$ cat target16.pdb   # PDB, C-alpha atoms, pLDDT in the B column
MODEL        1
ATOM      1  CA  MET A1327      -0.377 -12.750   6.411  1.00 86.00           C
ATOM      2  CA  GLU A1328       0.958 -11.238   9.641  1.00 91.00           C
ATOM      3  CA  ILE A1329      -0.491  -8.206  11.400  1.00 95.00           C
ATOM      4  CA  THR A1330       1.746  -6.380  13.860  1.00 96.00           C
ATOM      5  CA  ILE A1331      -0.025  -4.656  16.730  1.00 97.00           C
ATOM      6  CA  LYS A1332       1.167  -2.078  19.247  1.00 97.00           C
ATOM      7  CA  VAL A1333      -1.075  -1.621  22.258  1.00 96.00           C
ATOM      8  CA  TRP A1334      -0.856   1.365  24.568  1.00 95.00           C
ATOM      9  CA  GLU A1335       2.103   0.786  26.891  1.00 92.00           C
ATOM     10  CA  GLU A1336      -0.002   0.902  30.064  1.00 92.00           C
ATOM     11  CA  LYS A1337      -2.322  -1.780  28.608  1.00 92.00           C
ATOM     12  CA  ALA A1338       0.347  -4.288  27.508  1.00 91.00           C
ATOM     13  CA  GLU A1339       0.493  -6.234  30.769  1.00 91.00           C
ATOM     14  CA  GLY A1340      -3.255  -6.844  30.630  1.00 91.00           C
ATOM     15  CA  LEU A1341      -2.969  -8.439  27.199  1.00 93.00           C
ATOM     16  CA  HIS A1342       0.037 -10.517  28.262  1.00 91.00           C
ATOM     17  CA  ASN A1343      -1.639 -11.836  31.431  1.00 89.00           C
ATOM     18  CA  ARG A1344      -5.320 -11.735  30.483  1.00 88.00           C
ATOM     19  CA  SER A1345      -6.147 -12.064  34.161  1.00 85.00           C
ATOM     20  CA  VAL A1346      -8.315  -8.923  34.448  1.00 85.00           C
ATOM     21  CA  LEU A1347     -10.884  -8.767  31.677  1.00 90.00           C
ATOM     22  CA  THR A1348     -11.404  -5.074  31.027  1.00 92.00           C
ATOM     23  CA  ASP A1349     -13.844  -3.933  28.336  1.00 94.00           C
ATOM     24  CA  GLU A1350     -10.842  -3.064  26.146  1.00 93.00           C
ATOM     25  CA  LEU A1351      -9.368  -6.544  26.511  1.00 94.00           C
ATOM     26  CA  LYS A1352     -12.757  -8.171  25.882  1.00 94.00           C
ATOM     27  CA  GLU A1353     -12.877  -6.230  22.607  1.00 95.00           C
ATOM     28  CA  LEU A1354      -9.609  -7.861  21.443  1.00 95.00           C
ATOM     29  CA  ILE A1355     -10.660 -11.306  22.661  1.00 94.00           C
ATOM     30  CA  ALA A1356     -13.909 -10.942  20.697  1.00 96.00           C
ATOM     31  CA  LEU A1357     -11.845 -10.263  17.545  1.00 95.00           C
ATOM     32  CA  GLU A1358      -9.757 -13.367  18.221  1.00 95.00           C
ATOM     33  CA  ASP A1359     -12.967 -15.395  18.476  1.00 95.00           C
ATOM     34  CA  GLU A1360     -14.511 -13.778  15.394  1.00 94.00           C
ATOM     35  CA  PHE A1361     -11.482 -14.569  13.198  1.00 93.00           C
ATOM     36  CA  ASP A1362     -10.436 -17.777  15.012  1.00 93.00           C
ATOM     37  CA  VAL A1363      -6.905 -16.463  15.638  1.00 95.00           C
ATOM     38  CA  MET A1364      -4.678 -15.725  18.641  1.00 95.00           C
ATOM     39  CA  ILE A1365      -2.995 -12.402  19.351  1.00 96.00           C
ATOM     40  CA  ARG A1366       0.436 -13.282  20.736  1.00 96.00           C
ATOM     41  CA  PRO A1367       3.432 -11.332  22.017  1.00 96.00           C
ATOM     42  CA  LEU A1368       5.898 -10.406  19.278  1.00 93.00           C
ATOM     43  CA  HIS A1369       8.842 -10.840  21.688  1.00 93.00           C
ATOM     44  CA  PRO A1370       7.580 -13.351  24.283  1.00 89.00           C
ATOM     45  CA  TYR A1371      10.899 -14.078  25.987  1.00 88.00           C
ATOM     46  CA  SER A1372      12.342 -10.580  26.094  1.00 87.00           C
ATOM     47  CA  ASP A1373      13.057  -8.779  29.363  1.00 87.00           C
ATOM     48  CA  ASP A1374      12.989  -5.423  27.557  1.00 89.00           C
ATOM     49  CA  ALA A1375       9.901  -3.501  28.743  1.00 88.00           C
ATOM     50  CA  HIS A1376       9.988  -1.401  25.568  1.00 93.00           C
ATOM     51  CA  LEU A1377       9.003  -4.508  23.578  1.00 94.00           C
ATOM     52  CA  ASP A1378       6.042  -5.445  25.810  1.00 94.00           C
ATOM     53  CA  PRO A1379       3.417  -3.478  23.821  1.00 96.00           C
ATOM     54  CA  TYR A1380       4.140  -5.337  20.562  1.00 97.00           C
ATOM     55  CA  PHE A1381       1.991  -8.268  19.495  1.00 96.00           C
ATOM     56  CA  SER A1382       1.224 -10.099  16.271  1.00 96.00           C
ATOM     57  CA  VAL A1383      -1.493 -12.208  14.763  1.00 95.00           C
ATOM     58  CA  ASP A1384      -1.210 -14.575  11.804  1.00 92.00           C
ATOM     59  CA  MET A1385      -4.170 -14.265   9.481  1.00 90.00           C
ATOM     60  CA  PRO A1386      -4.887 -17.225   7.191  1.00 85.00           C
ATOM     61  CA  MET A1387      -6.369 -15.199   4.324  1.00 77.00           C
ATOM     62  CA  ILE A1388      -5.496 -11.808   2.838  1.00 72.00           C
ATOM     63  CA  GLY A1389      -9.094 -10.583   2.712  1.00 80.00           C
ATOM     64  CA  SER A1390      -9.713 -11.403   6.347  1.00 88.00           C
ATOM     65  CA  ALA A1391      -6.425  -9.692   7.283  1.00 90.00           C
ATOM     66  CA  ASP A1392      -7.681  -6.422   5.800  1.00 90.00           C
ATOM     67  CA  VAL A1393     -10.919  -6.660   7.784  1.00 93.00           C
ATOM     68  CA  MET A1394      -9.077  -7.617  10.982  1.00 94.00           C
ATOM     69  CA  LEU A1395      -6.653  -4.717  10.513  1.00 95.00           C
ATOM     70  CA  TYR A1396      -9.520  -2.255  10.126  1.00 95.00           C
ATOM     71  CA  LYS A1397     -11.216  -3.589  13.289  1.00 96.00           C
ATOM     72  CA  LEU A1398      -7.956  -3.584  15.288  1.00 96.00           C
ATOM     73  CA  GLN A1399      -7.335   0.048  14.390  1.00 95.00           C
ATOM     74  CA  ASP A1400     -10.724   0.856  15.951  1.00 95.00           C
ATOM     75  CA  CYS A1401      -9.922  -0.868  19.277  1.00 95.00           C
ATOM     76  CA  LYS A1402      -9.318   1.407  22.247  1.00 95.00           C
ATOM     77  CA  MET A1403      -6.439  -0.747  23.485  1.00 95.00           C
ATOM     78  CA  VAL A1404      -4.563  -0.560  20.161  1.00 97.00           C
ATOM     79  CA  GLU A1405      -2.184   2.320  19.483  1.00 97.00           C
ATOM     80  CA  ALA A1406      -1.219   1.078  15.997  1.00 97.00           C
ATOM     81  CA  ALA A1407      -1.641  -1.925  13.712  1.00 96.00           C
ATOM     82  CA  TYR A1408      -0.284  -2.732  10.280  1.00 94.00           C
ATOM     83  CA  ILE A1409       0.109  -5.636   7.901  1.00 90.00           C
ATOM     84  CA  LYS A1410       3.693  -6.786   7.724  1.00 75.00           C
ATOM     85  CA  PRO A1411       5.030  -6.546   4.148  1.00 76.00           C
ATOM     86  CA  SER A1412       5.926  -9.765   2.401  1.00 72.00           C
ATOM     87  CA  ASP A1413       9.510 -11.004   2.813  1.00 72.00           C
ATOM     88  CA  GLU A1414       9.665 -11.931  -0.877  1.00 67.00           C
ATOM     89  CA  MET A1415       9.476  -9.964  -4.066  1.00 63.00           C
ATOM     90  CA  PRO A1416       6.367 -10.766  -6.143  1.00 60.00           C
TER      91      PRO A1416
ENDMDL
END

$ encode --input "target16.pdb" --output "structure tokens"
Amino acid sequence: MEITIKVWEEKAEGLHNRSVLTDELKELIALEDEFDVMIRPLHPYSDDAHLDPYFSVDMPMIGSADVMLYKLQDCKMVEAAYIKPSDEMP
């Protein structure tokens, strides 16, 4: 299950580089550790600055994805987060 994340535009570079560990970034890193996942850029090779704030995380289980989504939506660095709908019809 994939969660798409949009961080505030002015915070995107910090999540890409992870060189300056602000409290907001530590909050996201703690979630990665808690769920044993990695938040990664949605468009890692794009030169388009408008795509920089978009990230994704693959969650192994549906139940944990719901919990992760709820926690992401509470993070100060996150503008929006949602679970990507399935590509297939049930």

$ resolve_selection --input "target16.pdb" --expression "the PyMOL selection byres ((chain A and resi 1354) around 12)" --output "number ranges by chain"
A: 1331, 1333, 1337, 1340-1341, 1344, 1347-1353, 1355-1366, 1381, 1383, 1394-1395, 1397-1404

$ residues_around --input "target16.pdb" --residues "Ile1388 in chain A" --least-positions-apart "5" --cutoff "12 Å" --atoms "all atoms listed in the file" --output "PyMOL selection string"
chain A and resi 1327-1329+1393-1395+1409-1412

$ atom_distance --input "target16.pdb" --atom1 "CA of Pro1379 in chain A" --atom2 "CA of Tyr1408 in chain A"
14.1 Å

$ atom_distance --input "target16.pdb" --atom1 "CA of Tyr1380 in chain A" --atom2 "CA of Ala1338 in chain A"
8.0 Å

$ atom_distance --input "target16.pdb" --atom1 "CA of His1376 in chain A" --atom2 "CA of Lys1332 in chain A"
10.9 Å

$ closest_residue --input "target16.pdb" --among "A:Glu1336, A:Ala1407, A:Gly1389, A:Ser1382" --to "Pro1370 in chain A" --atoms "all atoms listed in the file"
A:Ser1382

$ axis_aligned_box --input "target16.pdb" --around "range 1371-1385 of chain A" --padding-each-side "8 Å" --output "AutoDock Vina command-line options"
--center_x 4.4 --center_y -8.0 --center_z 19.4 --size_x 33.2 --size_y 29.2 --size_z 35.9

$ closest_residue --input "target16.pdb" --among "A:Asp1392, A:Asp1413, A:Asp1384, A:Glu1405" --to "Pro1367 in chain A" --atoms "only C-alpha atoms"
A:Asp1384
